[in-house]
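This is start-v1.cif (mmCIF, C-alpha atoms).
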data_start
#
loop_
_atom_site.group_PDB
_atom_site.id
_atom_site.type_symbol
_atom_site.label_atom_id
_atom_site.label_comp_id
_atom_site.auth_asym_id
_atom_site.auth_seq_id
_atom_site.Cartn_x
_atom_site.Cartn_y
_atom_site.Cartn_z
ATOM 1 C CA MET J 1 -31.959 28.263 -4.581
ATOM 2 C CA SER J 2 -29.515 26.849 -2.043
ATOM 3 C CA ARG J 3 -30.503 25.764 1.428
ATOM 4 C CA GLU J 4 -29.519 28.017 4.327
ATOM 5 C CA THR J 5 -26.660 26.833 6.507
ATOM 6 C CA SER J 6 -27.507 26.838 10.202
ATOM 7 C CA ILE J 7 -24.944 27.216 12.982
ATOM 8 C CA LEU J 8 -25.326 26.989 16.759
ATOM 9 C CA PHE J 9 -22.517 28.425 18.905
ATOM 10 C CA VAL J 10 -22.116 26.675 22.263
ATOM 11 C CA CYS J 11 -20.414 27.650 25.533
ATOM 12 C CA THR J 12 -21.132 26.937 29.197
ATOM 13 C CA GLY J 13 -23.876 29.352 30.249
ATOM 14 C CA ASN J 14 -24.583 31.221 26.991
ATOM 15 C CA ILE J 15 -23.811 34.645 28.468
ATOM 16 C CA CYS J 16 -20.224 35.354 27.328
ATOM 17 C CA ARG J 17 -18.552 33.474 24.493
ATOM 18 C CA SER J 18 -21.367 31.919 22.473
ATOM 19 C CA PRO J 19 -23.607 35.011 22.298
ATOM 20 C CA THR J 20 -20.549 37.031 21.293
ATOM 21 C CA ALA J 21 -19.805 34.522 18.526
ATOM 22 C CA GLU J 22 -23.426 34.663 17.396
ATOM 23 C CA ALA J 23 -23.335 38.469 17.125
ATOM 24 C CA VAL J 24 -19.938 38.541 15.390
ATOM 25 C CA ALA J 25 -20.988 35.868 12.891
ATOM 26 C CA LYS J 26 -24.250 37.725 12.161
ATOM 27 C CA ALA J 27 -22.349 40.924 11.403
ATOM 28 C CA LEU J 28 -19.803 39.128 9.210
ATOM 29 C CA ALA J 29 -22.484 37.144 7.358
ATOM 30 C CA GLN J 30 -24.443 40.312 6.684
ATOM 31 C CA LYS J 31 -21.328 42.048 5.365
ATOM 32 C CA ALA J 32 -20.526 39.035 3.153
ATOM 33 C CA GLU J 33 -24.177 38.834 2.050
ATOM 34 C CA LYS J 34 -24.450 35.249 3.271
ATOM 35 C CA ASN J 35 -27.806 33.977 4.450
ATOM 36 C CA LEU J 36 -26.952 31.985 7.578
ATOM 37 C CA VAL J 37 -29.210 30.889 10.425
ATOM 38 C CA LEU J 38 -27.263 31.687 13.611
ATOM 39 C CA ASP J 39 -28.033 31.055 17.264
ATOM 40 C CA SER J 40 -26.243 30.300 20.522
ATOM 41 C CA ALA J 41 -26.852 28.145 23.591
ATOM 42 C CA GLY J 42 -25.173 26.844 26.732
ATOM 43 C CA THR J 43 -24.358 23.350 27.925
ATOM 44 C CA GLY J 44 -26.153 24.198 31.183
ATOM 45 C CA ASP J 45 -29.322 26.047 32.130
ATOM 46 C CA TRP J 46 -27.915 28.308 34.885
ATOM 47 C CA HIS J 47 -28.553 31.547 32.987
ATOM 48 C CA VAL J 48 -31.622 30.697 30.880
ATOM 49 C CA GLY J 49 -33.556 33.871 30.053
ATOM 50 C CA GLU J 50 -30.718 36.205 31.096
ATOM 51 C CA ARG J 51 -29.017 38.803 28.916
ATOM 52 C CA PRO J 52 -25.325 38.385 28.062
ATOM 53 C CA ASP J 53 -22.737 39.475 30.635
ATOM 54 C CA PRO J 54 -22.479 43.305 30.654
ATOM 55 C CA ARG J 55 -18.731 43.035 29.986
ATOM 56 C CA ALA J 56 -19.399 40.941 26.862
ATOM 57 C CA ILE J 57 -21.999 43.474 25.720
ATOM 58 C CA GLN J 58 -19.587 46.353 26.286
ATOM 59 C CA ALA J 59 -16.640 44.727 24.488
ATOM 60 C CA ALA J 60 -18.815 43.724 21.532
ATOM 61 C CA GLN J 61 -20.538 47.095 21.337
ATOM 62 C CA ALA J 62 -17.182 48.886 21.202
ATOM 63 C CA ARG J 63 -16.452 46.954 17.983
ATOM 64 C CA GLY J 64 -19.899 47.413 16.476
ATOM 65 C CA TYR J 65 -21.508 44.087 17.415
ATOM 66 C CA ASP J 66 -25.011 43.957 18.879
ATOM 67 C CA LEU J 67 -25.845 41.429 21.610
ATOM 68 C CA SER J 68 -29.063 43.200 22.676
ATOM 69 C CA SER J 69 -31.499 40.665 21.197
ATOM 70 C CA ILE J 70 -29.785 37.604 22.677
ATOM 71 C CA THR J 71 -31.054 35.776 25.752
ATOM 72 C CA ALA J 72 -29.439 32.705 27.233
ATOM 73 C CA ARG J 73 -30.830 29.263 26.601
ATOM 74 C CA ALA J 74 -29.597 25.700 27.006
ATOM 75 C CA VAL J 75 -28.797 23.234 24.228
ATOM 76 C CA THR J 76 -31.734 20.927 23.475
ATOM 77 C CA ASP J 77 -31.924 17.597 21.671
ATOM 78 C CA ASP J 78 -33.776 19.410 18.884
ATOM 79 C CA ASP J 79 -30.657 21.522 18.227
ATOM 80 C CA PHE J 80 -28.914 18.404 16.892
ATOM 81 C CA ILE J 81 -31.662 18.181 14.275
ATOM 82 C CA ARG J 82 -32.179 21.878 13.490
ATOM 83 C CA PHE J 83 -28.541 22.917 13.023
ATOM 84 C CA ASP J 84 -26.002 21.876 10.398
ATOM 85 C CA HIS J 85 -23.066 22.847 12.632
ATOM 86 C CA LEU J 86 -22.662 22.882 16.409
ATOM 87 C CA VAL J 87 -19.644 25.085 17.094
ATOM 88 C CA ALA J 88 -18.062 24.772 20.536
ATOM 89 C CA MET J 89 -16.005 27.455 22.235
ATOM 90 C CA ASP J 90 -13.661 25.032 24.003
ATOM 91 C CA GLU J 91 -12.720 21.375 24.078
ATOM 92 C CA GLY J 92 -14.988 20.669 27.064
ATOM 93 C CA HIS J 93 -18.016 21.936 25.144
ATOM 94 C CA ARG J 94 -17.006 19.928 22.063
ATOM 95 C CA ARG J 95 -16.744 16.746 24.150
ATOM 96 C CA TRP J 96 -20.058 17.492 25.908
ATOM 97 C CA LEU J 97 -21.822 17.894 22.546
ATOM 98 C CA ALA J 98 -20.283 14.689 21.158
ATOM 99 C CA GLU J 99 -21.222 12.717 24.275
ATOM 100 C CA ALA J 100 -24.775 14.106 24.300
ATOM 101 C CA ARG J 101 -25.184 13.212 20.627
ATOM 102 C CA SER J 102 -23.856 9.696 21.171
ATOM 103 C CA SER J 103 -25.653 8.866 24.437
ATOM 104 C CA ARG J 104 -29.013 10.145 23.180
ATOM 105 C CA GLN J 105 -28.582 8.629 19.716
ATOM 106 C CA LEU J 106 -29.039 12.006 18.045
ATOM 107 C CA PRO J 107 -28.307 12.789 14.370
ATOM 108 C CA GLU J 108 -24.707 13.129 13.175
ATOM 109 C CA THR J 109 -24.598 16.925 13.294
ATOM 110 C CA LYS J 110 -21.158 18.381 12.552
ATOM 111 C CA ILE J 111 -19.412 19.378 15.788
ATOM 112 C CA SER J 112 -16.295 21.541 15.768
ATOM 113 C CA LEU J 113 -14.319 24.061 17.762
ATOM 114 C CA LEU J 114 -14.764 27.639 16.566
ATOM 115 C CA MET J 115 -11.020 28.087 16.192
ATOM 116 C CA ASP J 116 -10.800 25.024 13.918
ATOM 117 C CA TRP J 117 -12.289 27.325 11.274
ATOM 118 C CA SER J 118 -9.405 29.795 11.621
ATOM 119 C CA VAL J 119 -6.126 29.279 9.772
ATOM 120 C CA GLY J 120 -3.277 28.503 12.146
ATOM 121 C CA LEU J 121 -5.396 28.307 15.303
ATOM 122 C CA ALA J 122 -6.975 24.853 15.031
ATOM 123 C CA ARG J 123 -7.501 23.032 18.330
ATOM 124 C CA THR J 124 -7.340 26.347 20.196
ATOM 125 C CA SER J 125 -9.958 26.752 22.922
ATOM 126 C CA ILE J 126 -11.486 30.130 23.638
ATOM 127 C CA PRO J 127 -10.938 30.750 27.361
ATOM 128 C CA ASP J 128 -13.880 31.596 29.608
ATOM 129 C CA PRO J 129 -13.642 35.311 30.493
ATOM 130 C CA TYR J 130 -16.402 35.153 33.126
ATOM 131 C CA TYR J 131 -14.103 35.282 36.158
ATOM 132 C CA GLY J 132 -11.745 37.755 34.500
ATOM 133 C CA ASP J 133 -11.902 41.435 33.744
ATOM 134 C CA GLU J 134 -12.613 43.606 30.703
ATOM 135 C CA THR J 135 -9.201 42.731 29.215
ATOM 136 C CA ASP J 136 -10.158 39.048 29.189
ATOM 137 C CA PHE J 137 -13.351 39.873 27.290
ATOM 138 C CA GLU J 138 -11.290 41.821 24.726
ATOM 139 C CA ARG J 139 -8.904 38.890 24.221
ATOM 140 C CA VAL J 140 -11.823 36.492 23.814
ATOM 141 C CA LEU J 141 -13.416 38.813 21.270
ATOM 142 C CA ASP J 142 -10.136 38.879 19.302
ATOM 143 C CA LEU J 143 -10.233 35.068 19.038
ATOM 144 C CA ILE J 144 -13.946 34.942 18.259
ATOM 145 C CA GLU J 145 -13.505 37.428 15.418
ATOM 146 C CA LYS J 146 -10.740 35.278 13.889
ATOM 147 C CA GLY J 147 -12.771 32.092 14.243
ATOM 148 C CA CYS J 148 -15.951 33.636 12.853
ATOM 149 C CA GLN J 149 -14.097 35.154 9.889
ATOM 150 C CA GLY J 150 -12.896 31.683 8.920
ATOM 151 C CA LEU J 151 -16.278 30.094 9.579
ATOM 152 C CA VAL J 152 -18.336 32.614 7.609
ATOM 153 C CA SER J 153 -15.923 32.526 4.682
ATOM 154 C CA ARG J 154 -15.927 28.701 4.538
ATOM 155 C CA VAL J 155 -19.591 27.744 4.978
#

Turn this file's structure into structure tokens for me.
Amino acid sequence: MSRETSILFVCTGNICRSPTAEAVAKALAQKAEKNLVLDSAGTGDWHVGERPDPRAIQAAQARGYDLSSITARAVTDDDFIRFDHLVAMDEGHRRWLAEARSSRQLPETKISLLMDWSVGLARTSIPDPYYGDETDFERVLDLIEKGCQGLVSRV
């Protein structure tokens, strides 16, 4: 029996991009019959305990993704031990994770950008839709779906 692969999606406050990625990846993994451990967290603790942004919930729900069980939390040192992959939504998050790992002498967990898993979109950051409107959340969901499709198919 093979070991489960565990993935943590990371954005700033864990209320828009990373919970959306978590929900999309869960749906895709279930459809592909892959047993993945999936979670999400933020680089900061501003929204700990809060539900995802209502616009993220609405956009995801319209495409059949469920964010209802997700509550925001911050990345912890333990996440570098528990997860095989830390998947950042943008370059700032990727750098933050790498610096945290290095400065705290944490294990060499694999850190990547979500879009690095998608063919033709490597090094693409997923923009923060928080200060935008519903259209921005739709565009972000388009990117997250592409990234998660590549990720789930390759792990």

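Residue membership of the PyMOL selection byres ((chain J and resi 123-125) around 9) in the shown file amounts to Ala88, Met89, Asp90, Glu91, Gly92, Leu113, Leu114, Met115, Asp116, Leu121, Ala122, Ile126 and Pro127 of chain J.
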
Next, the residues of the selection above should be written as an mmCIF file, in the frame of the given file with C-alpha atoms.
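Output file part-v5.cif is given in full below:
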data_model
loop_
_atom_site.group_PDB
_atom_site.id
_atom_site.type_symbol
_atom_site.label_atom_id
_atom_site.label_comp_id
_atom_site.auth_asym_id
_atom_site.auth_seq_id
_atom_site.Cartn_x
_atom_site.Cartn_y
_atom_site.Cartn_z
ATOM 1 C CA ALA J 88 -18.062 24.772 20.536
ATOM 2 C CA MET J 89 -16.005 27.455 22.235
ATOM 3 C CA ASP J 90 -13.661 25.032 24.003
ATOM 4 C CA GLU J 91 -12.720 21.375 24.078
ATOM 5 C CA GLY J 92 -14.988 20.669 27.064
ATOM 6 C CA LEU J 113 -14.319 24.061 17.762
ATOM 7 C CA LEU J 114 -14.764 27.639 16.566
ATOM 8 C CA MET J 115 -11.020 28.087 16.192
ATOM 9 C CA ASP J 116 -10.800 25.024 13.918
ATOM 10 C CA LEU J 121 -5.396 28.307 15.303
ATOM 11 C CA ALA J 122 -6.975 24.853 15.031
ATOM 12 C CA ILE J 126 -11.486 30.130 23.638
ATOM 13 C CA PRO J 127 -10.938 30.750 27.361
#

Find the distance between atom CA of Ala27 of chain J and atom CA of Lys146 of chain J and write it in Å to one decimal.
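Here the two named atoms are 13.1 Å from each other.
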
So which residues touch Ala29 of chain J within 12 Å, counting all atoms listed in the file, skipping near sequence neighbours fewer than 4 positions away, as a list in words?
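Neighbouring residues, sequence-local ones excluded: Glu4, Thr5, Ser6, Ile7, Ala21, Glu22, Ala23, Val24, Ala25, Glu33, Lys34, Asn35, Leu36, Val37, Leu38, Cys148, Gln149, Gly150, Leu151, Val152, Ser153, Arg154 and Val155 of chain J.
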
Which protein, DNA or RNA residues are at most 12 Å from (-18.9, 42.4, 21.8) in the file's coordinates when you count only C-alpha atoms, listed as an NGL selection string?
:J and (15-27 or 52-68 or 70 or 134 or 136-145)

Specify the axis-aligned box that encloses all atoms of segment 26-42 of chain J listed in the file after padding of 5 Å on each side, stating its centre and edge lengths in Å to one decimal as lines of an AutoDock Vina configuration file.
center_x = -24.5
center_y = 34.4
center_z = 14.4
size_x = 19.4
size_y = 25.2
size_z = 34.7

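You will find atom CA of Lys31 of chain J at 27.5 Å from atom CA of Ile81 of chain J.
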
Give me, please, the distance in Å between atom CA of His93 of chain J and atom CA of Tyr131 of chain J, quoted to one decimal.
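Spanning atom CA of His93 of chain J to atom CA of Tyr131 of chain J is a straight-line distance of 17.7 Å.
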
Identify, on the basis of only C-alpha atoms, every residue whose closest approach to Val48 of chain J does not exceed 9 Å; exclude the query and any residue fewer than 3 positions from it along the same chain; express the result as JSON, numbers by chain.
{"J": [13, 14, 42, 44, 45, 51, 71, 72, 73, 74]}

So that I can check the surroundings of segment 98-109 of chain J, please list as a PyMOL selection string every protein, DNA and RNA residue that reaches within 9 Å of it, counting only C-alpha atoms and ignoring chain neighbours fewer than 5 positions away.
chain J and resi 77-78+80-81+83-86+93

Which residue is closest to Arg94 of chain J? Choose from J:Val75, J:Val119, J:Ala41, J:Cys11 and count all atoms listed in the file.
J:Cys11

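For the choices J:Gly49, J:Asp128, J:Ile111, J:Ser69, the atom-to-atom distance to Phe9 of chain J is smallest for J:Ile111 when using all atoms listed in the file.
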
When you count only C-alpha atoms, which of these residues is closest to Leu28 of chain J: J:Trp46, J:Gly147, J:Lys110, J:Leu8?
J:Gly147
